[in-house]
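Content type TSV, C-alpha atoms, from the file model.tsv:
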chain	number	residue	atom	x	y	z
N	1	MET	CA	8.67	-22.61	10.27
N	2	THR	CA	9.83	-19.00	10.72
N	3	GLN	CA	7.84	-16.46	8.75
N	4	THR	CA	9.56	-13.58	6.97
N	5	GLY	CA	6.58	-11.23	6.63
N	6	PRO	CA	5.65	-8.24	8.79
N	7	LYS	CA	5.28	-8.81	12.52
N	8	VAL	CA	3.11	-6.11	14.08
N	9	LEU	CA	3.00	-5.14	17.73
N	10	ILE	CA	-0.20	-3.29	18.71
N	11	LEU	CA	0.03	-1.40	21.98
N	12	GLY	CA	-3.00	-0.38	24.05
N	13	SER	CA	-3.27	1.62	27.25
N	14	ALA	CA	-3.61	-0.98	30.02
N	15	PRO	CA	-1.32	-0.39	33.02
N	16	CYS	CA	0.86	-3.35	32.02
N	17	VAL	CA	1.78	-1.72	28.69
N	18	GLN	CA	4.62	0.16	30.38
N	19	GLU	CA	6.52	-3.15	30.43
N	20	ALA	CA	6.86	-2.82	26.64
N	21	ALA	CA	8.97	0.32	27.02
N	22	ASP	CA	12.10	-1.79	27.44
N	23	TRP	CA	11.33	-4.57	24.99
N	24	SER	CA	13.69	-5.28	22.14
N	25	ARG	CA	12.49	-3.98	18.82
N	26	GLY	CA	13.97	-7.05	17.15
N	27	PRO	CA	10.91	-9.36	17.01
N	28	PHE	CA	8.69	-6.68	15.43
N	29	THR	CA	8.78	-4.96	12.07
N	30	HIS	CA	6.08	-2.43	12.97
N	31	ILE	CA	4.70	-0.92	16.18
N	32	VAL	CA	1.14	0.43	16.13
N	33	ALA	CA	0.16	2.58	19.11
N	34	ILE	CA	-3.51	3.12	19.97
N	35	ASN	CA	-4.45	6.54	21.34
N	36	ASN	CA	-2.12	7.51	24.21
N	37	ALA	CA	0.09	4.44	23.83
N	38	TRP	CA	2.49	6.39	21.63
N	39	ARG	CA	3.91	7.68	24.93
N	40	VAL	CA	5.10	4.20	25.94
N	41	ARG	CA	8.13	4.15	23.63
N	42	PRO	CA	9.48	6.59	21.05
N	43	ASP	CA	10.03	4.16	18.18
N	44	TRP	CA	6.38	3.62	17.23
N	45	ASP	CA	5.62	3.55	13.50
N	46	PHE	CA	1.89	4.28	13.47
N	47	LEU	CA	-0.45	6.06	15.87
N	48	ILE	CA	-4.10	5.21	15.31
N	49	HIS	CA	-6.85	7.18	17.03
N	50	PRO	CA	-10.56	8.01	16.65
N	51	GLU	CA	-11.93	11.29	15.38
N	52	ASP	CA	-12.60	12.59	18.89
N	53	PHE	CA	-9.09	11.93	20.23
N	54	PRO	CA	-8.00	15.27	21.78
N	55	GLU	CA	-5.36	17.17	19.86
N	56	ALA	CA	-3.63	17.92	23.16
N	57	ASN	CA	-3.00	14.18	23.60
N	58	GLN	CA	-1.34	13.76	20.22
N	59	PRO	CA	2.43	13.86	19.68
N	60	ALA	CA	3.65	17.37	18.98
N	61	ALA	CA	6.50	16.39	16.69
N	62	PRO	CA	6.35	12.89	15.16
N	63	THR	CA	9.37	11.95	13.09
N	64	PRO	CA	9.13	11.86	9.28
N	65	LYS	CA	8.94	8.04	9.48
N	66	GLN	CA	6.01	8.04	11.90
N	67	LYS	CA	2.48	8.21	10.55
N	68	ILE	CA	-0.82	9.16	12.15
N	69	ILE	CA	-3.69	6.86	11.10
N	70	THR	CA	-7.08	8.57	11.11
N	71	ALA	CA	-10.61	7.69	10.03
N	72	GLN	CA	-9.66	8.55	6.46
N	73	ASP	CA	-7.32	5.56	6.58
N	74	TYR	CA	-9.05	3.05	8.84
N	75	VAL	CA	-12.67	3.37	7.72
N	76	PRO	CA	-11.95	1.98	4.21
N	77	ALA	CA	-9.75	-0.69	5.75
N	78	GLN	CA	-12.42	-1.85	8.18
N	79	ASN	CA	-15.07	-1.69	5.44
N	80	ALA	CA	-12.96	-4.16	3.46
N	81	TYR	CA	-13.71	-6.67	6.24
N	82	GLY	CA	-17.45	-6.06	6.47
N	83	GLY	CA	-17.64	-2.78	8.37
N	84	PHE	CA	-17.84	-1.52	11.93
N	85	VAL	CA	-21.18	-3.03	12.91
N	86	TYR	CA	-19.84	-6.55	12.58
N	87	ALA	CA	-16.20	-5.86	13.43
N	88	GLY	CA	-16.80	-3.90	16.65
N	89	GLY	CA	-16.55	-0.15	17.10
N	90	THR	CA	-13.56	0.19	19.42
N	91	MET	CA	-9.97	1.00	18.53
N	92	ALA	CA	-8.42	-2.31	19.59
N	93	PHE	CA	-10.31	-4.06	16.80
N	94	THR	CA	-10.05	-1.17	14.35
N	95	ALA	CA	-6.26	-1.18	14.75
N	96	GLY	CA	-6.19	-4.91	14.01
N	97	TYR	CA	-8.25	-4.63	10.83
N	98	TRP	CA	-6.23	-1.63	9.66
N	99	ALA	CA	-3.00	-3.57	10.21
N	100	LEU	CA	-4.36	-6.58	8.32
N	101	HIS	CA	-5.39	-4.39	5.41
N	102	ALA	CA	-2.41	-2.04	5.22
N	103	LEU	CA	0.54	-4.12	6.40
N	104	LYS	CA	-0.43	-7.67	5.37
N	105	PRO	CA	1.35	-9.14	8.41
N	106	HIS	CA	2.25	-12.72	9.31
N	107	VAL	CA	1.82	-11.94	13.00
N	108	ILE	CA	-0.25	-9.44	14.97
N	109	ALA	CA	0.69	-9.32	18.65
N	110	TYR	CA	-1.46	-7.34	21.07
N	111	PHE	CA	-0.20	-5.96	24.36
N	112	GLY	CA	-2.11	-3.75	26.75
N	113	CYS	CA	-5.37	-4.38	24.90
N	114	ASP	CA	-7.04	-7.02	27.08
N	115	MET	CA	-10.09	-4.81	27.77
N	116	VAL	CA	-10.21	-5.91	31.41
N	117	TYR	CA	-10.35	-3.02	33.87
N	118	PRO	CA	-9.59	-3.13	37.62
N	119	ALA	CA	-12.32	-2.02	39.99
N	120	ARG	CA	-9.75	-0.02	41.95
N	121	GLY	CA	-6.60	1.85	41.03
N	122	ASN	CA	-5.45	2.90	37.61
N	123	THR	CA	-7.42	1.63	34.64
N	124	HIS	CA	-4.82	2.88	32.13
N	125	PHE	CA	-1.04	3.39	32.25
N	126	TYR	CA	-1.53	7.14	32.51
N	127	GLY	CA	-4.06	6.96	35.34
N	128	THR	CA	-7.82	6.55	35.24
N	129	GLY	CA	-9.49	6.61	31.84
N	130	GLN	CA	-12.74	5.71	30.19
N	131	ALA	CA	-13.24	2.00	29.50
N	132	ASP	CA	-14.29	2.58	25.90
N	133	PRO	CA	-14.83	-1.11	24.94
N	134	LEU	CA	-17.23	-1.60	27.86
N	135	ARG	CA	-19.61	1.20	26.89
N	136	GLN	CA	-23.17	0.37	25.88
N	137	ASP	CA	-22.79	-0.05	22.14
N	138	VAL	CA	-24.69	-2.22	19.70
N	139	THR	CA	-21.44	-3.35	18.06
N	140	LEU	CA	-19.73	-4.41	21.30
N	141	ARG	CA	-22.19	-6.81	22.89
N	142	SER	CA	-19.62	-9.63	22.80
N	143	LEU	CA	-15.99	-8.57	22.80
N	144	GLU	CA	-15.03	-12.23	22.62
N	145	ALA	CA	-17.03	-12.72	19.41
N	146	LYS	CA	-15.51	-9.63	17.81
N	147	SER	CA	-12.07	-10.86	18.83
N	148	SER	CA	-12.75	-14.28	17.32
N	149	ARG	CA	-13.95	-12.66	14.11
N	150	LEU	CA	-10.77	-10.62	13.77
N	151	MET	CA	-8.61	-13.64	14.51
N	152	GLN	CA	-10.34	-15.68	11.81
N	153	TYR	CA	-9.95	-12.94	9.19
N	154	ALA	CA	-6.29	-12.74	10.15
N	155	ALA	CA	-5.87	-16.50	9.77
N	156	LYS	CA	-7.56	-16.35	6.37
N	157	GLN	CA	-4.69	-14.10	5.31
N	158	GLY	CA	-2.11	-16.42	6.87
N	159	CYS	CA	-1.65	-14.16	9.89
N	160	ARG	CA	-1.35	-15.43	13.45
N	161	MET	CA	-2.91	-13.25	16.13
N	162	VAL	CA	-1.60	-13.51	19.70
N	163	ARG	CA	-1.55	-11.53	22.91
N	164	LEU	CA	1.65	-10.95	24.82
N	165	SER	CA	-0.11	-10.87	28.17
N	166	ASP	CA	-0.83	-13.89	30.34
N	167	GLY	CA	-3.68	-12.73	32.56
N	168	GLU	CA	-7.40	-12.34	32.04
N	169	SER	CA	-8.38	-11.04	28.62
N	170	ARG	CA	-11.43	-10.42	26.49
N	171	LEU	CA	-9.30	-11.28	23.49
N	172	VAL	CA	-9.70	-14.94	22.59
N	173	CYS	CA	-6.36	-15.18	20.81
N	174	PRO	CA	-3.77	-17.33	22.58
N	175	PRO	CA	-1.14	-15.89	24.92
N	176	SER	CA	2.40	-16.11	23.65
N	177	CYS	CA	5.80	-14.48	23.99
N	178	ALA	CA	7.71	-12.52	21.39
N	179	ASP	CA	10.13	-15.32	20.53
N	180	GLN	CA	7.37	-17.91	20.07
N	181	MET	CA	4.55	-15.96	18.41
N	182	GLU	CA	5.40	-17.16	14.90
N	183	ASN	CA	4.93	-20.77	16.03
N	184	VAL	CA	1.32	-20.34	17.12
N	185	PRO	CA	-0.98	-22.37	14.81
N	186	LEU	CA	-3.44	-20.58	12.59
N	187	VAL	CA	-7.01	-20.88	13.86
N	188	ASP	CA	-9.73	-22.84	12.09
N	189	VAL	CA	-11.56	-20.68	9.55
N	190	SER	CA	-14.05	-23.30	8.34
N	191	GLY	CA	-16.97	-21.31	9.74
N	192	LEU	CA	-15.89	-17.95	8.34
N	193	ALA	CA	-17.66	-18.17	4.98
N	194	HIS	CA	-21.01	-18.99	6.59
N	195	ALA	CA	-20.77	-16.20	9.16
N	196	GLU	CA	-19.68	-13.76	6.48
N	197	ALA	CA	-22.63	-14.76	4.29
N	198	GLN	CA	-25.03	-14.22	7.18
N	199	GLU	CA	-23.59	-10.73	7.69
N	200	ARG	CA	-24.05	-9.86	4.04
N	201	ALA	CA	-27.63	-11.13	4.11
N	202	LEU	CA	-28.38	-8.99	7.15
N	203	GLY	CA	-27.03	-5.94	5.35
N	204	TYR	CA	-25.86	-3.85	8.30
N	205	TYR	CA	-23.22	-2.04	6.29
N	206	VAL	CA	-22.52	1.65	6.92
N	207	PRO	CA	-19.91	2.94	4.42
N	208	SER	CA	-19.17	6.11	6.39
N	209	GLY	CA	-18.25	4.09	9.47
N	210	ARG	CA	-20.55	6.29	11.57
N	211	TYR	CA	-22.84	3.42	12.49
N	212	TRP	CA	-24.26	5.21	15.55
N	213	GLU	CA	-26.11	7.57	13.20
N	214	ASP	CA	-27.99	4.63	11.68
N	215	GLN	CA	-28.35	2.15	14.54
N	216	THR	CA	-32.15	2.26	14.85
N	217	ARG	CA	-32.31	-0.25	12.00
N	218	PHE	CA	-30.04	-2.79	13.74
N	219	ASP	CA	-31.74	-5.79	15.33
N	220	VAL	CA	-29.81	-6.70	18.48
N	221	ALA	CA	-31.05	-10.29	18.39
N	222	GLU	CA	-29.69	-10.69	14.87
N	223	LEU	CA	-26.33	-9.25	15.86
N	224	ASP	CA	-26.20	-11.63	18.81
N	225	ARG	CA	-26.91	-14.50	16.43
N	226	ILE	CA	-24.02	-13.45	14.21
N	227	ASP	CA	-21.76	-13.16	17.25
N	228	ARG	CA	-22.57	-16.75	18.19
N	229	LEU	CA	-21.50	-17.87	14.72
N	230	TRP	CA	-18.12	-16.25	15.17
N	231	LEU	CA	-17.79	-18.03	18.49
N	232	GLY	CA	-18.43	-21.36	16.78
N	233	ASP	CA	-22.07	-21.90	17.78
N	234	THR	CA	-23.57	-23.05	14.48
N	235	GLN	CA	-26.76	-24.68	15.74
N	236	PRO	CA	-29.98	-22.79	14.93
N	237	ASP	CA	-31.86	-21.53	17.98
N	238	ASP	CA	-34.88	-23.70	17.24
N	239	VAL	CA	-32.73	-26.84	17.25
N	240	LYS	CA	-31.12	-25.93	20.57
N	241	ALA	CA	-34.54	-25.28	22.12
N	242	ALA	CA	-35.93	-28.64	21.03
Turn this file's structure into structure tokens for me.
Amino acid sequence: MTQTGPKVLILGSAPCVQEAADWSRGPFTHIVAINNAWRVRPDWDFLIHPEDFPEANQPAAPTPKQKIITAQDYVPAQNAYGGFVYAGGTMAFTAGYWALHALKPHVIAYFGCDMVYPARGNTHFYGTGQADPLRQDVTLRSLEAKSSRLMQYAAKQGCRMVRLSDGESRLVCPPSCADQMENVPLVDVSGLAHAEAQERALGYYVPSGRYWEDQTRFDVAELDRIDRLWLGDTQPDDVKAA
């Protein structure tokens, strides 16, 4: 059945994202550009970037209908879904949680956000950049788990999450195309409540969003355990070892 709610396209900076420059706007109600991806096409609605995104890389003259999303906007949004430690501190995930919170979409479609970087040649559409999601970070030990978590929170809201790429990806959401994305089934969320309860019990919540200032209290083994829950591994470690 065709949904009538918002359909959000999130653009990242992978080399393939340039293909989206010529896409029809028709299938999407909103376009969210991450960091430099605002350069891909002029009709973006939202640009979302971290606090350290250089001013020189930002659009000089956005239109009155275009909005810049900063930490003031996305930190409260991500906190509404448990916070950065559990959600993953990189903009691909932050953009997804912000969209879920602010736009209440029926579909989130990622393109250029697969977080797979070639060993040679350009890593980003504008040349060679820093592979932010692959940095050593306590919140990014399993990109697949963080992707699964986001997809389950989306499904809980009745939102399908897909990727419009067909190659290798660290996103676990299914590949699709723009004219079929509304037909993708919602994922199973039967394990969400348990994983969410385990996160609350662990208590790794940092209201400011600046988790790196407080990370000495985070137990990596516990975070890995939570990641396994989001990936569907519900057996306790002692049972698996028996």
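The spacing separating atom CA of Ala33 of chain N from atom CA of Ser208 of chain N amounts to 23.4 Å.
What separates atom CA of Pro50 of chain N from atom CA of Val75 of chain N is a distance of 10.3 Å.
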List the residues sitting within 8 Å of (3.6, -15.9, 28.3) in the file's frame, using all atoms listed in the file, as a PDB file with C-alpha atoms, in the frame of the given file.
ATOM      1  CA  LEU N 164       1.650 -10.950  24.820  1.00  0.00           C
ATOM      2  CA  SER N 165      -0.110 -10.870  28.170  1.00  0.00           C
ATOM      3  CA  ASP N 166      -0.830 -13.890  30.340  1.00  0.00           C
ATOM      4  CA  PRO N 175      -1.140 -15.890  24.920  1.00  0.00           C
ATOM      5  CA  SER N 176       2.400 -16.110  23.650  1.00  0.00           C
ATOM      6  CA  CYS N 177       5.800 -14.480  23.990  1.00  0.00           C
TER       7      CYS N 177
END
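Using all atoms listed in the file, the nearest neighbour of Val8 of chain N within the list N:Lys65, N:His49, N:Arg41, N:Arg160 is N:Arg160.
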Separation of atom CA of Leu47 of chain N and atom CA of Gly12 of chain N, in Å? 10.7 Å
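Each of N:Glu144, N:Glu168, N:Asp227, N:Asp73 was compared to Asp114 of chain N using only C-alpha atoms, and N:Glu168 turns out to be the nearest.
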So, with only C-alpha atoms as the atoms that count, which of N:Val172, N:Met91, N:Val162, N:Ala20 lies closest to Phe53 of chain N? N:Met91
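Each of N:Ala155, N:Ile10, N:Ala102, N:Met161 was compared to Gln78 of chain N using all atoms listed in the file, and N:Ala102 turns out to be the nearest.
Those residues positioned at most 10 Å from (-3.9, -3.4, 17.0) are N:Val8, N:Leu9, N:Ile10, N:Leu11, N:Gly12, N:Ile31, N:Val32, N:Ala33, N:Ile34, N:Ile48, N:Met91, N:Ala92, N:Phe93, N:Thr94, N:Ala95, N:Gly96, N:Tyr97, N:Trp98, N:Ala99, N:Leu100, N:Ile108, N:Ala109, N:Tyr110, N:Phe111, N:Gly112, N:Cys113, N:Met161, judged using all atoms listed in the file.
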May I have the selected residues written with C-alpha atoms, as a PDB file, in the frame of the given file?
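Final output, again_37.pdb:
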ATOM      1  CA  VAL N   8       3.110  -6.110  14.080  1.00  0.00           C
ATOM      2  CA  LEU N   9       3.000  -5.140  17.730  1.00  0.00           C
ATOM      3  CA  ILE N  10      -0.200  -3.290  18.710  1.00  0.00           C
ATOM      4  CA  LEU N  11       0.030  -1.400  21.980  1.00  0.00           C
ATOM      5  CA  GLY N  12      -3.000  -0.380  24.050  1.00  0.00           C
ATOM      6  CA  ILE N  31       4.700  -0.920  16.180  1.00  0.00           C
ATOM      7  CA  VAL N  32       1.140   0.430  16.130  1.00  0.00           C
ATOM      8  CA  ALA N  33       0.160   2.580  19.110  1.00  0.00           C
ATOM      9  CA  ILE N  34      -3.510   3.120  19.970  1.00  0.00           C
ATOM     10  CA  ILE N  48      -4.100   5.210  15.310  1.00  0.00           C
ATOM     11  CA  MET N  91      -9.970   1.000  18.530  1.00  0.00           C
ATOM     12  CA  ALA N  92      -8.420  -2.310  19.590  1.00  0.00           C
ATOM     13  CA  PHE N  93     -10.310  -4.060  16.800  1.00  0.00           C
ATOM     14  CA  THR N  94     -10.050  -1.170  14.350  1.00  0.00           C
ATOM     15  CA  ALA N  95      -6.260  -1.180  14.750  1.00  0.00           C
ATOM     16  CA  GLY N  96      -6.190  -4.910  14.010  1.00  0.00           C
ATOM     17  CA  TYR N  97      -8.250  -4.630  10.830  1.00  0.00           C
ATOM     18  CA  TRP N  98      -6.230  -1.630   9.660  1.00  0.00           C
ATOM     19  CA  ALA N  99      -3.000  -3.570  10.210  1.00  0.00           C
ATOM     20  CA  LEU N 100      -4.360  -6.580   8.320  1.00  0.00           C
ATOM     21  CA  ILE N 108      -0.250  -9.440  14.970  1.00  0.00           C
ATOM     22  CA  ALA N 109       0.690  -9.320  18.650  1.00  0.00           C
ATOM     23  CA  TYR N 110      -1.460  -7.340  21.070  1.00  0.00           C
ATOM     24  CA  PHE N 111      -0.200  -5.960  24.360  1.00  0.00           C
ATOM     25  CA  GLY N 112      -2.110  -3.750  26.750  1.00  0.00           C
ATOM     26  CA  CYS N 113      -5.370  -4.380  24.900  1.00  0.00           C
ATOM     27  CA  MET N 161      -2.910 -13.250  16.130  1.00  0.00           C
TER      28      MET N 161
END
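Nearest to Ala77 of chain N of all the residues N:Pro207, N:Ala201, N:Thr128, N:Gln58 is N:Pro207, based on all atoms listed in the file.
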Selected residue, from N:Gln152, N:Gln215, N:Thr90, N:Thr63, that lies nearest to Ala193 of chain N when counting only C-alpha atoms: N:Gln152
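Every protein or nucleic acid residue with an atom no more than 12 Å from Leu186 of chain N, counting all atoms listed in the file and leaving out same-chain residues fewer than 2 positions away, appears here: His106, Val107, Ile108, Met151, Gln152, Tyr153, Ala154, Ala155, Lys156, Gln157, Gly158, Cys159, Arg160, Met161, Val162, Cys173, Pro174, Met181, Glu182, Asn183, Val184, Asp188, Val189 and Ser190 of chain N.
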